[in-house]
Amino acid sequence: MSESVQLIYNNETFEFPLVEGTENEKGIDIKTLRAQTGLVTLDPGFKNSGSCKSEVTYLNGEKGELKYRGYSIEDLADGADFLEVAYLLIFGSLPTKAQLDKFQDDINKEALVDEDLKVILKSFPRSAHPMGALASLTAALTAFNPESVDVDSDEDMYNAIVAIMAKFPIICAWTHRKVKGLPLNYYDCNLSYVDNIAQMMFRLPNREYVANPIVKNALNKLLILHADHEQNCSTSTVRIVGSSHAGLFASISAGISALWGPLHGGANQAVLEMLEAIDADGGDTKKYMAKAKDKSDPFRLMGFGHRVYKNFDPRARIIKKSADEVLNDLGINDPILEVAKGLEQEALNDAYFVDRKLYPNVDFYSGIIYRALGIPTEMFTVMFALGRLPGWIAQWREMRKNNEPIGRPRQIFTGNTNLPFQSLDQR
Ligand code: CMC
């Protein structure tokens with residue numbers, strides 16, 4: 001007999017089935033809760049609520065495990081190319097050589113954006129935040145690619161996926177070139193997907209771009225590590241926007257806005273700014289540790305803590321090693337790194353952080369690598385978005401294929417009731 005959970009309310013006993021995932025995690029299926037009892041649940045921040053069943057990404061916060069479609073993040077970061085991982089996440093299995101070649105060819109065919117998009121980008125001031133420009137340009141893509149996706153047609157769905165995979169790196173690179181005041185350039189169909197990202201971002205107009213293998217390897221790893229993270233804030237946004245049957249590009253543009261916030265993808269920028277501020281203030285890490293622990297001070301140690309990981313963030317472990325390699329190989333001696341190392345050591349040995357299980361997360365180290373690669377701080381979250389794109393697509397596709405209902409949470413109303421209306425001249 002399948003397991004269930006009983007709820008006693010008003011002397012009546014109600015029964016709800018348990019659902020079990022393939023890694024044995026269990027949840028209470030409360031789909032009939034309101035119909036049976038008249039009650040709803042209250043769970044701000046969805047700390048205890050599952051919004052869907054998903055086959056894409058498995059995350060065990062207690063053990064510090066992360067798997068994409070059953071493959072460990074360590075193996076993928078070590079042996080795979082970002083485009084293979086994108087294919088895996090979106091379509092469910094690792095591609096054969098023929099499948100990967102076709103995916104790359106199809107992306108190459110779509111790797112142009114309408115020239116008029118340049119006009120939109122040009123109208124932003126140079127000081128505009130690249131994430132704002134990226135969200136706008138992604139939304140603008142819907143205007144230049146108006147056909148809506150027929151989710152019942154595999155071909156239609158595939159074409160939409162290929163189109164966004166092809167066009168997104170171009171607009172991401174353009175936001176970087178705008179910040180740097182460089183001429184906008186194009187995708188090169190003779191290069192791989194990751195090489196294209198590097199050349200579109202870094203190529204100078206007056207010289208040939210020669211890919212540095214260290215840079216390429218670090219970029220590939222960073223993109224893979226950011227590619228999906230189950231039902232996080234931006235992914236939930238993409239799913240919920242898509243659940244109204246808004247198109248793929250529109251849903252992803254909403255995800256970009258969700259990612260921007262400093263408690264989510266914007267943390268990588270916030271980490272670097274925090275490290276720079278501590279360095280400029282004399283590098284006294286103890287002072288900032290004290291501020292982070294002081295409940296009357298809003299300061300938080302950016303890059304520490306995670307909603308789900310209550311052990312170590314497995315992505316942080318991989319990226320920390322990569323950060324050391326990049327800095328050694330490129331011969332970079334950065335005072336910011338000393339501040340980072342000091343904070344990390346103190347936090348790992350501090351009772352406040354240990355008791356609350358606050359460990360360095362992926363963003364603590366990713367910013368250090370981006371900085372070493374010469375990427376401006378305000379571009380860090382765009383780099384996160386580039387990596388997260390396949391995850392957003394995979395989750396959107398799964399949601400539409402499963403024909404999930406429109407996302408529409410309930411609430412507990414705590415406002416005024418029955419106030420007598422007074423016209424403006426009587427107030
Ligand atoms: N510095 C100081 N105290 C912290 C921090 C921090 N970075 N993070 C959590 N705490 C404390 C918090 O004050 C609370 O203390 P108490 O129990 O005494 O009230 C306790 O730890 C639990 O925190 P919470 O805010 O209830 O935890 P949450 O799960 O709601 O928040 C978080 C998770 C990531 C938003 C939070 O840890 C945070 O703000 N971290 C800094 C921002 C950051 O690095 N974000 C990137 C996340 S990784 C990238 C991604 O996947 O988006």
# chains A, B, ... in the order shown; residues from 1 in each chain; ligands from 1

$ residues_around --residues "Arg177 in chain A" --least-positions-apart "6" --cutoff "9 Å" --atoms "only C-alpha atoms" --output "NGL selection string"
:A and (183-185 or 200-202)

$ residues_near_ligand --ligand "ligand 1" --cutoff "7 Å" --atoms "only C-alpha atoms and all ligand atoms" --output "number ranges by chain"
A: 229, 232, 262-265, 267, 292-293, 300-308, 356, 358, 361-363

$ atom_distance --atom1 "CA of Ser253 in chain A" --atom2 "CA of Ala135 in chain A"
5.0 Å

$ residues_around --residues "Leu76 in chain A" --least-positions-apart "2" --cutoff "12 Å" --atoms "only C-alpha atoms" --output "PyMOL selection string"
chain A and resi 66-74+78-86+88-89+94+220-227+315+318

$ residues_around --residues "range 283-287 of chain A" --least-positions-apart "5" --cutoff "12 Å" --atoms "only C-alpha atoms" --output "list in words"
Met274, Leu275, Glu276, Ala277, Ile278, Ala292, Lys293, Asp294, Phe299, Leu301, Pro335, Ile336, Leu337, Glu338, Val339, Ala340, Lys341, Gly342, Leu343, Glu344, Gln345, Glu346, Ala347 and Asp350 of chain A

$ atom_distance --atom1 "CA of Ser243 in chain A" --atom2 "CA of Ala139 in chain A"
17.1 Å

$ closest_atom_pairs --of "range 359-405 of chain A" --to "range 143-150 of chain A" --cutoff "12 Å" --atoms "only C-alpha atoms" --output "JSON lines"
{"residue": "A:Trp396", "atom": "CA", "partner": "A:Val149", "partner_atom": "CA", "distance": 11.9}
{"residue": "A:Arg397", "atom": "CA", "partner": "A:Val149", "partner_atom": "CA", "distance": 10.6}
{"residue": "A:Arg400", "atom": "CA", "partner": "A:Asp150", "partner_atom": "CA", "distance": 10.1}
{"residue": "A:Lys401", "atom": "CA", "partner": "A:Asp150", "partner_atom": "CA", "distance": 10.7}

$ closest_residue --among "A:Lys102, A:Arg410, A:His176, A:Arg317" --to "Ala77 in chain A" --atoms "only C-alpha atoms"
A:Arg317

$ residues_around --residues "Asn24 in chain A" --least-positions-apart "5" --cutoff "12 Å" --atoms "only C-alpha atoms" --output "list in words"
Leu18, Val19, Tyr58 and Asn60 of chain A

$ closest_residue --among "A:Lys122, A:His129, A:Ile393, A:Asn11" --to "Ala250 in chain A" --atoms "only C-alpha atoms"
A:Ile393

$ select_by_dssp --residues "range 24-273 of chain A" --states "strand (DSSP E)" --output "PDB file with N, CA, C and O atoms, in the first residue's frame"
ATOM      1  N   LYS A  26      10.848  12.543  -0.307  1.00  0.00           N
ATOM      2  CA  LYS A  26       9.401  12.386  -0.210  1.00  0.00           C
ATOM      3  C   LYS A  26       8.695  13.721  -0.035  1.00  0.00           C
ATOM      4  O   LYS A  26       9.243  14.646   0.570  1.00  0.00           O
ATOM      5  N   GLY A  27       7.484  13.805  -0.549  1.00  0.00           N
ATOM      6  CA  GLY A  27       6.687  15.014  -0.379  1.00  0.00           C
ATOM      7  C   GLY A  27       5.225  14.647  -0.170  1.00  0.00           C
ATOM      8  O   GLY A  27       4.787  13.551  -0.528  1.00  0.00           O
ATOM      9  N   ILE A  28       4.493  15.559   0.440  1.00  0.00           N
ATOM     10  CA  ILE A  28       3.052  15.333   0.643  1.00  0.00           C
ATOM     11  C   ILE A  28       2.303  15.940  -0.535  1.00  0.00           C
ATOM     12  O   ILE A  28       2.483  17.125  -0.829  1.00  0.00           O
ATOM     13  N   THR A  57      17.071  18.243 -13.077  1.00  0.00           N
ATOM     14  CA  THR A  57      18.237  18.404 -12.196  1.00  0.00           C
ATOM     15  C   THR A  57      17.934  17.908 -10.801  1.00  0.00           C
ATOM     16  O   THR A  57      16.866  18.196 -10.252  1.00  0.00           O
ATOM     17  N   TYR A  58      18.872  17.180 -10.216  1.00  0.00           N
ATOM     18  CA  TYR A  58      18.714  16.700  -8.846  1.00  0.00           C
ATOM     19  C   TYR A  58      19.736  17.406  -7.957  1.00  0.00           C
ATOM     20  O   TYR A  58      20.909  17.513  -8.295  1.00  0.00           O
ATOM     21  N   LEU A  59      19.252  17.862  -6.829  1.00  0.00           N
ATOM     22  CA  LEU A  59      20.110  18.607  -5.919  1.00  0.00           C
ATOM     23  C   LEU A  59      19.855  18.103  -4.499  1.00  0.00           C
ATOM     24  O   LEU A  59      18.701  18.043  -4.061  1.00  0.00           O
ATOM     25  N   ASN A  60      20.907  17.687  -3.812  1.00  0.00           N
ATOM     26  CA  ASN A  60      20.760  17.296  -2.412  1.00  0.00           C
ATOM     27  C   ASN A  60      21.580  18.261  -1.572  1.00  0.00           C
ATOM     28  O   ASN A  60      22.813  18.203  -1.553  1.00  0.00           O
ATOM     29  N   GLU A  65      25.155  17.556  -3.211  1.00  0.00           N
ATOM     30  CA  GLU A  65      25.203  16.857  -4.504  1.00  0.00           C
ATOM     31  C   GLU A  65      24.403  17.611  -5.560  1.00  0.00           C
ATOM     32  O   GLU A  65      23.327  18.145  -5.265  1.00  0.00           O
ATOM     33  N   LEU A  66      24.915  17.610  -6.784  1.00  0.00           N
ATOM     34  CA  LEU A  66      24.195  18.229  -7.899  1.00  0.00           C
ATOM     35  C   LEU A  66      24.374  17.350  -9.131  1.00  0.00           C
ATOM     36  O   LEU A  66      25.499  16.966  -9.474  1.00  0.00           O
ATOM     37  N   LYS A  67      23.250  16.978  -9.761  1.00  0.00           N
ATOM     38  CA  LYS A  67      23.314  16.126 -10.960  1.00  0.00           C
ATOM     39  C   LYS A  67      22.398  16.688 -12.029  1.00  0.00           C
ATOM     40  O   LYS A  67      21.276  17.087 -11.728  1.00  0.00           O
ATOM     41  N   TYR A  68      22.890  16.704 -13.278  1.00  0.00           N
ATOM     42  CA  TYR A  68      22.041  17.070 -14.410  1.00  0.00           C
ATOM     43  C   TYR A  68      21.628  15.775 -15.108  1.00  0.00           C
ATOM     44  O   TYR A  68      22.484  15.037 -15.589  1.00  0.00           O
ATOM     45  N   TYR A  71      23.735  12.774 -14.291  1.00  0.00           N
ATOM     46  CA  TYR A  71      25.207  12.841 -14.343  1.00  0.00           C
ATOM     47  C   TYR A  71      25.716  13.836 -13.306  1.00  0.00           C
ATOM     48  O   TYR A  71      25.180  14.947 -13.195  1.00  0.00           O
ATOM     49  N   SER A  72      26.780  13.434 -12.576  1.00  0.00           N
ATOM     50  CA  SER A  72      27.262  14.330 -11.511  1.00  0.00           C
ATOM     51  C   SER A  72      27.909  15.575 -12.118  1.00  0.00           C
ATOM     52  O   SER A  72      28.544  15.516 -13.181  1.00  0.00           O
TER      53      SER A  72
END

$ residues_around --residues "Thr237 in chain A" --least-positions-apart "6" --cutoff "7 Å" --atoms "only C-alpha atoms" --output "mmCIF file with N, CA and C atoms, in the first residue's frame"
data_model
loop_
_atom_site.group_PDB
_atom_site.id
_atom_site.type_symbol
_atom_site.label_atom_id
_atom_site.label_comp_id
_atom_site.auth_asym_id
_atom_site.auth_seq_id
_atom_site.Cartn_x
_atom_site.Cartn_y
_atom_site.Cartn_z
ATOM 1 N N ALA A 254 11.908 37.316 -18.679
ATOM 2 C CA ALA A 254 11.481 37.475 -17.281
ATOM 3 C C ALA A 254 12.485 36.806 -16.339
ATOM 4 N N GLY A 255 13.000 35.642 -16.757
ATOM 5 C CA GLY A 255 14.000 34.931 -15.938
ATOM 6 C C GLY A 255 15.247 35.776 -15.744
ATOM 7 N N ALA A 258 14.692 38.194 -13.011
ATOM 8 C CA ALA A 258 14.728 37.531 -11.697
ATOM 9 C C ALA A 258 16.168 37.223 -11.284
#

$ select_by_dssp --residues "range 71-208 of chain A" --states "alpha helix (DSSP H)" --output "ChimeraX atom specification"
/A:73-79,82-91,97-110,117-123,130-144,154-180,193-202

$ atom_distance --atom1 "CA of Trp392 in chain A" --atom2 "CA of Ser257 in chain A"
12.9 Å

$ residues_around --residues "Glu208 in chain A" --least-positions-apart "4" --cutoff "10 Å" --atoms "only C-alpha atoms" --output "PyMOL selection string"
chain A and resi 199+203-204

$ write_last_selection --atoms "all heavy atoms" --output "mmCIF file, in the first residue's frame"
data_model
loop_
_atom_site.group_PDB
_atom_site.id
_atom_site.type_symbol
_atom_site.label_atom_id
_atom_site.label_comp_id
_atom_site.auth_asym_id
_atom_site.auth_seq_id
_atom_site.Cartn_x
_atom_site.Cartn_y
_atom_site.Cartn_z
ATOM 1 N N GLN A 199 35.273 34.774 -28.437
ATOM 2 C CA GLN A 199 35.713 35.725 -29.477
ATOM 3 C C GLN A 199 34.742 36.894 -29.607
ATOM 4 O O GLN A 199 35.162 38.036 -29.811
ATOM 5 C CB GLN A 199 35.992 35.029 -30.817
ATOM 6 C CG GLN A 199 34.804 34.577 -31.642
ATOM 7 C CD GLN A 199 34.242 35.664 -32.568
ATOM 8 O OE1 GLN A 199 34.892 36.661 -32.829
ATOM 9 N NE2 GLN A 199 33.005 35.465 -33.023
ATOM 10 N N ARG A 203 37.218 39.833 -28.791
ATOM 11 C CA ARG A 203 37.981 40.201 -30.000
ATOM 12 C C ARG A 203 38.045 41.726 -30.156
ATOM 13 O O ARG A 203 37.020 42.408 -30.106
ATOM 14 C CB ARG A 203 37.361 39.568 -31.252
ATOM 15 C CG ARG A 203 38.291 39.697 -32.452
ATOM 16 C CD ARG A 203 37.766 38.980 -33.661
ATOM 17 N NE ARG A 203 36.503 39.571 -34.105
ATOM 18 C CZ ARG A 203 35.663 38.982 -34.943
ATOM 19 N NH1 ARG A 203 35.923 37.778 -35.398
ATOM 20 N NH2 ARG A 203 34.557 39.585 -35.319
ATOM 21 N N LEU A 204 39.249 42.219 -30.371
ATOM 22 C CA LEU A 204 39.421 43.659 -30.598
ATOM 23 C C LEU A 204 39.348 43.919 -32.097
ATOM 24 O O LEU A 204 39.709 43.048 -32.897
ATOM 25 C CB LEU A 204 40.763 44.118 -30.027
ATOM 26 C CG LEU A 204 40.900 43.951 -28.515
ATOM 27 C CD1 LEU A 204 42.297 44.299 -28.042
ATOM 28 C CD2 LEU A 204 39.860 44.821 -27.780
#

$ decode --residues "range 141-154 of chain A" --atoms "all heavy atoms" --output "PDB file, in the first residue's frame"
ATOM      1  N   LEU A 141      13.653  40.322 -28.906  1.00  0.00           N
ATOM      2  CA  LEU A 141      13.750  39.203 -29.857  1.00  0.00           C
ATOM      3  C   LEU A 141      12.366  38.653 -30.201  1.00  0.00           C
ATOM      4  O   LEU A 141      12.159  38.152 -31.303  1.00  0.00           O
ATOM      5  CB  LEU A 141      14.606  38.071 -29.270  1.00  0.00           C
ATOM      6  CG  LEU A 141      16.123  38.228 -29.334  1.00  0.00           C
ATOM      7  CD1 LEU A 141      16.784  37.032 -28.661  1.00  0.00           C
ATOM      8  CD2 LEU A 141      16.617  38.354 -30.761  1.00  0.00           C
ATOM      9  N   THR A 142      11.427  38.756 -29.247  1.00  0.00           N
ATOM     10  CA  THR A 142      10.070  38.248 -29.534  1.00  0.00           C
ATOM     11  C   THR A 142       9.469  39.040 -30.689  1.00  0.00           C
ATOM     12  O   THR A 142       8.741  38.497 -31.513  1.00  0.00           O
ATOM     13  CB  THR A 142       9.125  38.391 -28.310  1.00  0.00           C
ATOM     14  OG1 THR A 142       9.146  39.742 -27.897  1.00  0.00           O
ATOM     15  CG2 THR A 142       9.527  37.500 -27.170  1.00  0.00           C
ATOM     16  N   ALA A 143       9.800  40.352 -30.758  1.00  0.00           N
ATOM     17  CA  ALA A 143       9.245  41.172 -31.841  1.00  0.00           C
ATOM     18  C   ALA A 143       9.857  40.792 -33.183  1.00  0.00           C
ATOM     19  O   ALA A 143       9.203  40.869 -34.220  1.00  0.00           O
ATOM     20  CB  ALA A 143       9.510  42.646 -31.547  1.00  0.00           C
ATOM     21  N   PHE A 144      11.137  40.389 -33.138  1.00  0.00           N
ATOM     22  CA  PHE A 144      11.810  40.050 -34.398  1.00  0.00           C
ATOM     23  C   PHE A 144      11.608  38.581 -34.782  1.00  0.00           C
ATOM     24  O   PHE A 144      11.959  38.168 -35.867  1.00  0.00           O
ATOM     25  CB  PHE A 144      13.305  40.366 -34.283  1.00  0.00           C
ATOM     26  CG  PHE A 144      13.564  41.846 -34.178  1.00  0.00           C
ATOM     27  CD1 PHE A 144      13.855  42.443 -32.966  1.00  0.00           C
ATOM     28  CD2 PHE A 144      13.473  42.648 -35.315  1.00  0.00           C
ATOM     29  CE1 PHE A 144      14.079  43.804 -32.872  1.00  0.00           C
ATOM     30  CE2 PHE A 144      13.697  44.017 -35.231  1.00  0.00           C
ATOM     31  CZ  PHE A 144      13.993  44.598 -34.008  1.00  0.00           C
ATOM     32  N   ASN A 145      11.087  37.796 -33.863  1.00  0.00           N
ATOM     33  CA  ASN A 145      10.822  36.372 -34.127  1.00  0.00           C
ATOM     34  C   ASN A 145       9.402  36.073 -33.659  1.00  0.00           C
ATOM     35  O   ASN A 145       9.199  35.404 -32.638  1.00  0.00           O
ATOM     36  CB  ASN A 145      11.816  35.486 -33.368  1.00  0.00           C
ATOM     37  CG  ASN A 145      13.245  35.795 -33.754  1.00  0.00           C
ATOM     38  OD1 ASN A 145      13.776  35.206 -34.681  1.00  0.00           O
ATOM     39  ND2 ASN A 145      13.851  36.743 -33.061  1.00  0.00           N
ATOM     40  N   PRO A 146       8.398  36.595 -34.363  1.00  0.00           N
ATOM     41  CA  PRO A 146       7.051  36.618 -33.787  1.00  0.00           C
ATOM     42  C   PRO A 146       6.336  35.262 -33.710  1.00  0.00           C
ATOM     43  O   PRO A 146       5.401  35.135 -32.928  1.00  0.00           O
ATOM     44  CB  PRO A 146       6.280  37.556 -34.721  1.00  0.00           C
ATOM     45  CG  PRO A 146       7.048  37.556 -35.999  1.00  0.00           C
ATOM     46  CD  PRO A 146       8.449  37.218 -35.689  1.00  0.00           C
ATOM     47  N   GLU A 147       6.796  34.281 -34.496  1.00  0.00           N
ATOM     48  CA  GLU A 147       6.018  33.031 -34.480  1.00  0.00           C
ATOM     49  C   GLU A 147       6.012  32.429 -33.079  1.00  0.00           C
ATOM     50  O   GLU A 147       7.044  32.282 -32.462  1.00  0.00           O
ATOM     51  CB  GLU A 147       6.627  31.992 -35.426  1.00  0.00           C
ATOM     52  CG  GLU A 147       6.491  32.334 -36.874  1.00  0.00           C
ATOM     53  CD  GLU A 147       7.838  32.354 -37.566  1.00  0.00           C
ATOM     54  OE1 GLU A 147       8.373  31.255 -37.779  1.00  0.00           O
ATOM     55  OE2 GLU A 147       8.341  33.443 -37.855  1.00  0.00           O
ATOM     56  N   SER A 148       4.808  32.124 -32.607  1.00  0.00           N
ATOM     57  CA  SER A 148       4.752  31.494 -31.285  1.00  0.00           C
ATOM     58  C   SER A 148       5.002  29.996 -31.463  1.00  0.00           C
ATOM     59  O   SER A 148       4.809  29.443 -32.536  1.00  0.00           O
ATOM     60  CB  SER A 148       3.400  31.746 -30.638  1.00  0.00           C
ATOM     61  OG  SER A 148       2.416  31.155 -31.439  1.00  0.00           O
ATOM     62  N   VAL A 149       5.451  29.383 -30.403  1.00  0.00           N
ATOM     63  CA  VAL A 149       5.842  27.977 -30.494  1.00  0.00           C
ATOM     64  C   VAL A 149       4.628  27.080 -30.344  1.00  0.00           C
ATOM     65  O   VAL A 149       3.863  27.226 -29.387  1.00  0.00           O
ATOM     66  CB  VAL A 149       6.842  27.656 -29.358  1.00  0.00           C
ATOM     67  CG1 VAL A 149       7.413  26.266 -29.518  1.00  0.00           C
ATOM     68  CG2 VAL A 149       7.936  28.691 -29.296  1.00  0.00           C
ATOM     69  N   ASP A 150       4.479  26.138 -31.279  1.00  0.00           N
ATOM     70  CA  ASP A 150       3.461  25.101 -31.114  1.00  0.00           C
ATOM     71  C   ASP A 150       4.123  23.996 -30.291  1.00  0.00           C
ATOM     72  O   ASP A 150       4.929  23.216 -30.803  1.00  0.00           O
ATOM     73  CB  ASP A 150       3.020  24.584 -32.491  1.00  0.00           C
ATOM     74  CG  ASP A 150       2.086  23.379 -32.371  1.00  0.00           C
ATOM     75  OD1 ASP A 150       1.768  22.999 -31.229  1.00  0.00           O
ATOM     76  OD2 ASP A 150       1.704  22.818 -33.411  1.00  0.00           O
ATOM     77  N   VAL A 151       3.792  23.947 -28.997  1.00  0.00           N
ATOM     78  CA  VAL A 151       4.519  23.028 -28.109  1.00  0.00           C
ATOM     79  C   VAL A 151       4.191  21.563 -28.396  1.00  0.00           C
ATOM     80  O   VAL A 151       4.878  20.665 -27.926  1.00  0.00           O
ATOM     81  CB  VAL A 151       4.277  23.349 -26.614  1.00  0.00           C
ATOM     82  CG1 VAL A 151       4.845  24.703 -26.257  1.00  0.00           C
ATOM     83  CG2 VAL A 151       2.817  23.259 -26.249  1.00  0.00           C
ATOM     84  N   ASP A 152       3.143  21.332 -29.174  1.00  0.00           N
ATOM     85  CA  ASP A 152       2.827  19.940 -29.540  1.00  0.00           C
ATOM     86  C   ASP A 152       3.646  19.482 -30.749  1.00  0.00           C
ATOM     87  O   ASP A 152       3.597  18.311 -31.119  1.00  0.00           O
ATOM     88  CB  ASP A 152       1.329  19.792 -29.843  1.00  0.00           C
ATOM     89  CG  ASP A 152       0.512  20.066 -28.595  1.00  0.00           C
ATOM     90  OD1 ASP A 152       0.969  19.647 -27.515  1.00  0.00           O
ATOM     91  OD2 ASP A 152      -0.536  20.731 -28.698  1.00  0.00           O
ATOM     92  N   SER A 153       4.339  20.420 -31.382  1.00  0.00           N
ATOM     93  CA  SER A 153       5.171  20.048 -32.526  1.00  0.00           C
ATOM     94  C   SER A 153       6.636  20.013 -32.087  1.00  0.00           C
ATOM     95  O   SER A 153       7.210  21.038 -31.714  1.00  0.00           O
ATOM     96  CB  SER A 153       4.969  21.073 -33.657  1.00  0.00           C
ATOM     97  OG  SER A 153       6.119  21.106 -34.473  1.00  0.00           O
ATOM     98  N   ASP A 154       7.237  18.813 -32.133  1.00  0.00           N
ATOM     99  CA  ASP A 154       8.652  18.687 -31.726  1.00  0.00           C
ATOM    100  C   ASP A 154       9.534  19.573 -32.592  1.00  0.00           C
ATOM    101  O   ASP A 154      10.522  20.141 -32.119  1.00  0.00           O
ATOM    102  CB  ASP A 154       9.118  17.229 -31.846  1.00  0.00           C
ATOM    103  CG  ASP A 154       8.584  16.394 -30.695  1.00  0.00           C
ATOM    104  OD1 ASP A 154       8.101  16.991 -29.705  1.00  0.00           O
ATOM    105  OD2 ASP A 154       8.621  15.150 -30.795  1.00  0.00           O
TER     106      ASP A 154
END
